[in-house]
Amino acid sequence: MVQYARARLDTSFAALSDATRRGVLEQLGRSDASITDLAEKFHMTLTGMKKHVGVLEQAGLVTTEKVGRVRTCKLGTRRLEEETAWLERYRQLWDSRFDELDKVVEELKRKEKIDGRKKRE
Amino acid sequence: MDARRESEPTPTTNRTTVERRSERELVVTRTINGPARIVFEAWTKPELFRQWWVPKSMGMSLLSCEMDVRVGGRYRLEFAHGDSQSAFFGTYKEVTPHSRLVWTNEESDEGSVTTVTFAEKGGKTLLVMHELYPSKEALDAAGTGAADAMGETFEQLDELLVTLGASLGRS
């Protein structure tokens with residue numbers, strides 16, 4: 001598990017350590033773009049941009065899809081994972097809240113039972 | 001037989017679900033082992049409410065809890081989180097005993113409206129908590145806020161990676 005996390009951290013780290021690649025992520029956060037668009041925006045050769053996108057793709061930060069002759073890039077599955085991750089953290093928060101609520105309700109039920117018995121006596 | 005039933009309440013734990021129902025809505029559900037009358041009481045009496053609203057895992061403590069549970073009544077919760085403090089407050093819009101509560105969250109302009117329904121079945125209560133945000137961005141921000149409270153965020157990871165990158169670059 002630690003190994004896996006470290007390996008992931010390494011690829012993410014490598015991918016994000018470059019200013020151009022961070023710029024590409026920012027750009028894709030606004031809208032999907034083709035490699036040609038990205039190369040133009042960042043004043044690079046097509047080959048250079050392809051390499052950068054490849055690194056981002058390997059880190060799971062970007063996915064690409066080729067339609068006809070155009071390869072379109074978009075933010076990758078990692079973003080989806082993050083969305084799921086925050087929902088899961090939110091669920092955990094409510095889960096522990098409700099576990100506590102269960103205890104409070106249990107206690108109130110016990111008290112009612114005792115009070116009920118007293119009344120009958 | 002009675003003695004056994006009373007001394008050992010069956011400890012069944014129910015599952016909590018969270019669903020993002022639309023860009024602006026979150027729905028949380030959970031079944032609580034008790035009648036709606038009692039569960040509702042635990043949501044509306046401050047001395048009970050404060051016993052469960054801030055579980056230890058949140059890393060926060062509740063400093064004060066004022067709740068005037070009636071239509072138009074207000075609530076205010078004050079928290080301590082390390083050295084910092086924060087307050088959550090708003091107004092009750094609907095109060096239907098044992099079945100429905102609606103309140104606003106007014107600590108920001110982008111606060112949600114929260115609706116909680118209590119449905120009793122076989123001595124248990126299904127809680128459905130629905131949060132409606134004014135925009136997708138407000139929900140995203142609230143999610144990040146909750147994530148902040150519970151742990152690491154993507155932004156923090158990003159920052160960490162950039163910092164690591166800078167320090168490695170130097171060495």
# chains A, B, ... in the order shown; residues from 1 in each chain; ligands from 1
call {"tool": "residues_around", "arguments": {"residues": "Ala39 (chain A)", "least_positions_apart": "6", "cutoff": "9 Å", "atoms": "only C-alpha atoms", "output": "JSON, numbers by chain"}}
result
{"A": [45, 46, 47, 48, 49, 50]}
call {"tool": "write_last_selection", "arguments": {"atoms": "N, CA and C atoms", "output": "mmCIF file, in the first residue's frame"}}
result
data_model
loop_
_atom_site.group_PDB
_atom_site.id
_atom_site.type_symbol
_atom_site.label_atom_id
_atom_site.label_comp_id
_atom_site.auth_asym_id
_atom_site.auth_seq_id
_atom_site.Cartn_x
_atom_site.Cartn_y
_atom_site.Cartn_z
ATOM 1 N N THR A 45 6.918 22.752 -30.191
ATOM 2 C CA THR A 45 6.729 21.862 -31.339
ATOM 3 C C THR A 45 5.694 20.803 -30.960
ATOM 4 N N LEU A 46 5.106 20.221 -31.963
ATOM 5 C CA LEU A 46 4.109 19.180 -31.748
ATOM 6 C C LEU A 46 4.733 18.010 -30.976
ATOM 7 N N THR A 47 5.942 17.650 -31.335
ATOM 8 C CA THR A 47 6.645 16.532 -30.688
ATOM 9 C C THR A 47 6.878 16.831 -29.205
ATOM 10 N N GLY A 48 7.310 18.059 -28.918
ATOM 11 C CA GLY A 48 7.569 18.451 -27.522
ATOM 12 C C GLY A 48 6.306 18.350 -26.692
ATOM 13 N N MET A 49 5.191 18.851 -27.241
ATOM 14 C CA MET A 49 3.922 18.820 -26.503
ATOM 15 C C MET A 49 3.442 17.379 -26.323
ATOM 16 N N LYS A 50 3.646 16.571 -27.361
ATOM 17 C CA LYS A 50 3.255 15.156 -27.259
ATOM 18 C C LYS A 50 3.948 14.488 -26.078
#
call {"tool": "closest_atom_pairs", "arguments": {"of": "chain A", "to": "chain B", "cutoff": "12 Å", "atoms": "only C-alpha atoms", "output": "Markdown table"}}
result
| residue | atom | partner | partner_atom | distance |
| --- | --- | --- | --- | --- |
| A:Arg8 | CA | B:Leu161 | CA | 11.4 |
| A:Leu9 | CA | B:Leu161 | CA | 8.0 |
| A:Asp10 | CA | B:Leu161 | CA | 9.0 |
| A:Thr11 | CA | B:Leu161 | CA | 10.2 |
| A:Ser12 | CA | B:Leu161 | CA | 7.5 |
| A:Phe13 | CA | B:Leu161 | CA | 5.2 |
| A:Ala14 | CA | B:Gly165 | CA | 7.8 |
| A:Ala15 | CA | B:Leu161 | CA | 9.4 |
| A:Leu16 | CA | B:Val162 | CA | 6.7 |
| A:Ser17 | CA | B:Gly165 | CA | 5.2 |
| A:Asp18 | CA | B:Gly165 | CA | 8.5 |
| A:Ala19 | CA | B:Val162 | CA | 9.6 |
| A:Arg21 | CA | B:Val162 | CA | 11.8 |
| A:Arg22 | CA | B:Val162 | CA | 9.7 |
| A:Leu25 | CA | B:Asp158 | CA | 11.5 |
| A:Leu61 | CA | B:Asp158 | CA | 11.6 |
| A:Arg78 | CA | B:Phe154 | CA | 9.7 |
| A:Arg79 | CA | B:Phe154 | CA | 8.8 |
| A:Leu80 | CA | B:Phe154 | CA | 11.4 |
| A:Glu81 | CA | B:Phe154 | CA | 10.2 |
| A:Glu82 | CA | B:Phe154 | CA | 7.0 |
| A:Glu83 | CA | B:Gly143 | CA | 9.0 |
| A:Thr84 | CA | B:Arg20 | CA | 10.0 |
| A:Ala85 | CA | B:Ala147 | CA | 8.5 |
| A:Trp86 | CA | B:Ala147 | CA | 5.6 |
| A:Leu87 | CA | B:Val18 | CA | 6.8 |
| A:Glu88 | CA | B:Val18 | CA | 7.8 |
| A:Arg89 | CA | B:Ala147 | CA | 6.0 |
| A:Tyr90 | CA | B:Ala146 | CA | 6.2 |
| A:Arg91 | CA | B:Val18 | CA | 5.7 |
| A:Gln92 | CA | B:Thr16 | CA | 8.2 |
| A:Leu93 | CA | B:Met58 | CA | 7.2 |
| A:Trp94 | CA | B:Thr16 | CA | 7.2 |
| A:Asp95 | CA | B:Thr16 | CA | 5.5 |
| A:Ser96 | CA | B:Pro55 | CA | 6.2 |
| A:Arg97 | CA | B:Pro55 | CA | 5.6 |
| A:Phe98 | CA | B:Trp52 | CA | 7.4 |
| A:Asp99 | CA | B:Thr13 | CA | 7.7 |
| A:Glu100 | CA | B:Trp52 | CA | 4.8 |
| A:Leu101 | CA | B:Trp52 | CA | 5.2 |
| A:Asp102 | CA | B:Ile32 | CA | 6.0 |
| A:Lys103 | CA | B:Trp52 | CA | 8.3 |
| A:Val104 | CA | B:Leu48 | CA | 7.2 |
| A:Val105 | CA | B:Val39 | CA | 6.3 |
| A:Glu106 | CA | B:Gly34 | CA | 7.2 |
| A:Glu107 | CA | B:Ile38 | CA | 10.2 |
| A:Leu108 | CA | B:Ile38 | CA | 7.1 |
| A:Lys109 | CA | B:Gly34 | CA | 7.5 |
| A:Arg110 | CA | B:Glu6 | CA | 8.3 |
| A:Lys111 | CA | B:Ile38 | CA | 11.2 |
| A:Glu112 | CA | B:Ile38 | CA | 9.8 |
| A:Lys113 | CA | B:Glu6 | CA | 8.8 |
| A:Ile114 | CA | B:Glu6 | CA | 10.1 |
| A:Arg117 | CA | B:Glu6 | CA | 12.0 |
call {"tool": "select_by_dssp", "arguments": {"residues": "chain A", "states": "helix (DSSP H, G or I)", "output": "PyMOL selection string"}}
result
chain A and resi 2-16+19-30+35-41+46-58+77-120
call {"tool": "write_last_selection", "arguments": {"atoms": "C-alpha atoms", "output": "PDB file, in the first residue's frame"}}
result
ATOM      1  CA  VAL A   2       2.815   2.360   0.964  1.00  0.00           C
ATOM      2  CA  GLN A   3       4.759   1.247  -2.096  1.00  0.00           C
ATOM      3  CA  TYR A   4       1.786   1.900  -4.304  1.00  0.00           C
ATOM      4  CA  ALA A   5       1.189   5.330  -2.789  1.00  0.00           C
ATOM      5  CA  ARG A   6       4.846   6.197  -3.189  1.00  0.00           C
ATOM      6  CA  ALA A   7       4.897   5.112  -6.816  1.00  0.00           C
ATOM      7  CA  ARG A   8       1.832   7.224  -7.478  1.00  0.00           C
ATOM      8  CA  LEU A   9       3.366  10.164  -5.695  1.00  0.00           C
ATOM      9  CA  ASP A  10       6.509   9.771  -7.804  1.00  0.00           C
ATOM     10  CA  THR A  11       4.671   9.855 -11.128  1.00  0.00           C
ATOM     11  CA  SER A  12       2.437  12.738  -9.989  1.00  0.00           C
ATOM     12  CA  PHE A  13       5.478  14.563  -8.713  1.00  0.00           C
ATOM     13  CA  ALA A  14       7.372  14.090 -11.935  1.00  0.00           C
ATOM     14  CA  ALA A  15       4.366  15.191 -13.956  1.00  0.00           C
ATOM     15  CA  LEU A  16       3.722  18.314 -11.891  1.00  0.00           C
ATOM     16  CA  ALA A  19       5.875  24.494 -15.365  1.00  0.00           C
ATOM     17  CA  THR A  20       4.609  23.749 -18.885  1.00  0.00           C
ATOM     18  CA  ARG A  21       2.791  20.635 -17.709  1.00  0.00           C
ATOM     19  CA  ARG A  22       1.172  22.554 -14.851  1.00  0.00           C
ATOM     20  CA  GLY A  23       0.127  25.135 -17.433  1.00  0.00           C
ATOM     21  CA  VAL A  24      -1.355  22.401 -19.631  1.00  0.00           C
ATOM     22  CA  LEU A  25      -3.394  21.070 -16.683  1.00  0.00           C
ATOM     23  CA  GLU A  26      -4.650  24.560 -15.942  1.00  0.00           C
ATOM     24  CA  GLN A  27      -5.581  25.000 -19.597  1.00  0.00           C
ATOM     25  CA  LEU A  28      -7.405  21.634 -19.720  1.00  0.00           C
ATOM     26  CA  GLY A  29      -9.220  22.616 -16.529  1.00  0.00           C
ATOM     27  CA  ARG A  30     -10.840  25.373 -18.567  1.00  0.00           C
ATOM     28  CA  ILE A  35      -2.290  18.602 -28.946  1.00  0.00           C
ATOM     29  CA  THR A  36      -1.949  21.090 -31.821  1.00  0.00           C
ATOM     30  CA  ASP A  37      -3.880  23.746 -29.818  1.00  0.00           C
ATOM     31  CA  LEU A  38      -1.702  23.128 -26.786  1.00  0.00           C
ATOM     32  CA  ALA A  39       1.537  23.243 -28.795  1.00  0.00           C
ATOM     33  CA  GLU A  40       0.501  26.599 -30.247  1.00  0.00           C
ATOM     34  CA  LYS A  41      -0.548  28.027 -26.895  1.00  0.00           C
ATOM     35  CA  LEU A  46       4.109  19.180 -31.748  1.00  0.00           C
ATOM     36  CA  THR A  47       6.645  16.532 -30.688  1.00  0.00           C
ATOM     37  CA  GLY A  48       7.569  18.451 -27.522  1.00  0.00           C
ATOM     38  CA  MET A  49       3.922  18.820 -26.503  1.00  0.00           C
ATOM     39  CA  LYS A  50       3.255  15.156 -27.259  1.00  0.00           C
ATOM     40  CA  LYS A  51       5.982  14.245 -24.765  1.00  0.00           C
ATOM     41  CA  HIS A  52       4.523  16.484 -22.051  1.00  0.00           C
ATOM     42  CA  VAL A  53       1.019  15.115 -22.600  1.00  0.00           C
ATOM     43  CA  GLY A  54       2.461  11.593 -22.481  1.00  0.00           C
ATOM     44  CA  VAL A  55       3.922  12.233 -19.023  1.00  0.00           C
ATOM     45  CA  LEU A  56       0.630  13.687 -17.769  1.00  0.00           C
ATOM     46  CA  GLU A  57      -1.238  10.761 -19.265  1.00  0.00           C
ATOM     47  CA  GLN A  58       1.006   8.248 -17.507  1.00  0.00           C
ATOM     48  CA  THR A  77      -9.447  10.039 -14.238  1.00  0.00           C
ATOM     49  CA  ARG A  78      -7.477  11.322 -11.244  1.00  0.00           C
ATOM     50  CA  ARG A  79      -9.924  14.211 -11.132  1.00  0.00           C
ATOM     51  CA  LEU A  80     -12.807  11.761 -11.005  1.00  0.00           C
ATOM     52  CA  GLU A  81     -11.033   9.845  -8.264  1.00  0.00           C
ATOM     53  CA  GLU A  82     -10.704  13.069  -6.317  1.00  0.00           C
ATOM     54  CA  GLU A  83     -14.400  13.777  -6.698  1.00  0.00           C
ATOM     55  CA  THR A  84     -15.145  10.308  -5.345  1.00  0.00           C
ATOM     56  CA  ALA A  85     -12.580  10.871  -2.604  1.00  0.00           C
ATOM     57  CA  TRP A  86     -14.286  13.975  -1.266  1.00  0.00           C
ATOM     58  CA  LEU A  87     -17.697  12.340  -1.390  1.00  0.00           C
ATOM     59  CA  GLU A  88     -16.196   9.455   0.581  1.00  0.00           C
ATOM     60  CA  ARG A  89     -14.680  11.812   3.169  1.00  0.00           C
ATOM     61  CA  TYR A  90     -18.029  13.564   3.437  1.00  0.00           C
ATOM     62  CA  ARG A  91     -19.710  10.173   3.894  1.00  0.00           C
ATOM     63  CA  GLN A  92     -17.238   9.270   6.634  1.00  0.00           C
ATOM     64  CA  LEU A  93     -17.993  12.531   8.435  1.00  0.00           C
ATOM     65  CA  TRP A  94     -21.716  11.826   8.403  1.00  0.00           C
ATOM     66  CA  ASP A  95     -21.168   8.174   9.212  1.00  0.00           C
ATOM     67  CA  SER A  96     -19.287   9.008  12.407  1.00  0.00           C
ATOM     68  CA  ARG A  97     -21.862  11.678  13.261  1.00  0.00           C
ATOM     69  CA  PHE A  98     -24.697   9.193  12.866  1.00  0.00           C
ATOM     70  CA  ASP A  99     -22.835   6.558  14.890  1.00  0.00           C
ATOM     71  CA  GLU A 100     -22.818   9.095  17.734  1.00  0.00           C
ATOM     72  CA  LEU A 101     -26.499   9.879  17.100  1.00  0.00           C
ATOM     73  CA  ASP A 102     -27.245   6.157  17.376  1.00  0.00           C
ATOM     74  CA  LYS A 103     -25.661   6.166  20.837  1.00  0.00           C
ATOM     75  CA  VAL A 104     -27.688   9.195  21.948  1.00  0.00           C
ATOM     76  CA  VAL A 105     -30.911   7.584  20.685  1.00  0.00           C
ATOM     77  CA  GLU A 106     -30.007   4.304  22.389  1.00  0.00           C
ATOM     78  CA  GLU A 107     -29.499   6.161  25.663  1.00  0.00           C
ATOM     79  CA  LEU A 108     -32.834   8.001  25.313  1.00  0.00           C
ATOM     80  CA  LYS A 109     -34.612   4.700  24.641  1.00  0.00           C
ATOM     81  CA  ARG A 110     -33.061   3.193  27.755  1.00  0.00           C
ATOM     82  CA  LYS A 111     -34.140   6.178  29.862  1.00  0.00           C
ATOM     83  CA  GLU A 112     -37.694   5.966  28.542  1.00  0.00           C
ATOM     84  CA  LYS A 113     -37.858   2.303  29.439  1.00  0.00           C
ATOM     85  CA  ILE A 114     -36.682   3.003  32.985  1.00  0.00           C
ATOM     86  CA  ASP A 115     -39.107   5.922  33.355  1.00  0.00           C
ATOM     87  CA  GLY A 116     -41.909   3.736  31.994  1.00  0.00           C
ATOM     88  CA  ARG A 117     -41.168   1.053  34.589  1.00  0.00           C
ATOM     89  CA  LYS A 118     -41.122   3.633  37.381  1.00  0.00           C
ATOM     90  CA  LYS A 119     -44.537   4.902  36.337  1.00  0.00           C
ATOM     91  CA  ARG A 120     -45.974   1.403  36.406  1.00  0.00           C
TER      92      ARG A 120
END
call {"tool": "atom_distance", "arguments": {"atom1": "CA of Gly72 (chain B)", "atom2": "CA of Lys136 (chain B)"}}
result
27.0 Å
call {"tool": "select_by_dssp", "arguments": {"residues": "region 1-115 of chain A", "states": "strand (DSSP E or B)", "output": "PyMOL selection string"}}
result
chain A and resi 33-34+62-67+70-75
call {"tool": "write_last_selection", "arguments": {"atoms": "C-alpha atoms", "output": "PDB file, in the first residue's frame"}}
result
ATOM      1  CA  ALA A  33      -7.873  20.895 -26.297  1.00  0.00           C
ATOM      2  CA  SER A  34      -6.042  19.125 -29.103  1.00  0.00           C
ATOM      3  CA  VAL A  62      -4.796  13.622 -18.496  1.00  0.00           C
ATOM      4  CA  THR A  63      -6.574  11.305 -20.905  1.00  0.00           C
ATOM      5  CA  THR A  64      -6.432  11.571 -24.672  1.00  0.00           C
ATOM      6  CA  GLU A  65      -8.680  10.345 -27.413  1.00  0.00           C
ATOM      7  CA  LYS A  66      -7.959  10.274 -31.111  1.00  0.00           C
ATOM      8  CA  VAL A  67     -10.835  11.119 -33.396  1.00  0.00           C
ATOM      9  CA  VAL A  70      -7.018  14.999 -34.066  1.00  0.00           C
ATOM     10  CA  ARG A  71      -5.939  13.841 -30.596  1.00  0.00           C
ATOM     11  CA  THR A  72      -8.047  15.597 -27.954  1.00  0.00           C
ATOM     12  CA  CYS A  73      -6.759  15.956 -24.388  1.00  0.00           C
ATOM     13  CA  LYS A  74      -8.880  16.313 -21.269  1.00  0.00           C
ATOM     14  CA  LEU A  75      -8.319  16.176 -17.521  1.00  0.00           C
TER      15      LEU A  75
END
call {"tool": "residues_around", "arguments": {"residues": "region 109-124 of chain B", "least_positions_apart": "2", "cutoff": "9 Å", "atoms": "only C-alpha atoms", "output": "JSON, numbers by chain"}}
result
{"B": [31, 32, 33, 34, 35, 36, 37, 39, 40, 94, 98, 99, 100, 101, 102, 103, 104, 105, 106, 107, 126, 127, 128, 129, 130, 131, 132, 133, 134, 135, 137, 138, 139, 142]}
call {"tool": "atom_distance", "arguments": {"atom1": "CA of Leu63 (chain B)", "atom2": "CA of Thr125 (chain B)"}}
result
28.9 Å
call {"tool": "atom_distance", "arguments": {"atom1": "CA of Gly73 (chain B)", "atom2": "CA of Met60 (chain B)"}}
result
25.5 Å
call {"tool": "residues_around", "arguments": {"residues": "Ala80 (chain B)", "least_positions_apart": "5", "cutoff": "10 Å", "atoms": "only C-alpha atoms", "output": "tab-separated table (two decimals) with C-alpha atoms, in the first residue's frame"}}
result
chain	number	residue	atom	x	y	z
B	59	GLY	CA	-10.76	17.20	15.17
B	60	MET	CA	-13.00	20.03	16.30
B	61	SER	CA	-14.79	20.85	19.50
B	62	LEU	CA	-18.12	22.55	19.94
B	63	LEU	CA	-17.83	25.68	22.10
B	64	SER	CA	-21.47	26.67	22.11
B	85	GLN	CA	-12.68	29.40	15.73
B	86	SER	CA	-15.62	29.33	13.38
B	87	ALA	CA	-19.36	29.80	13.62
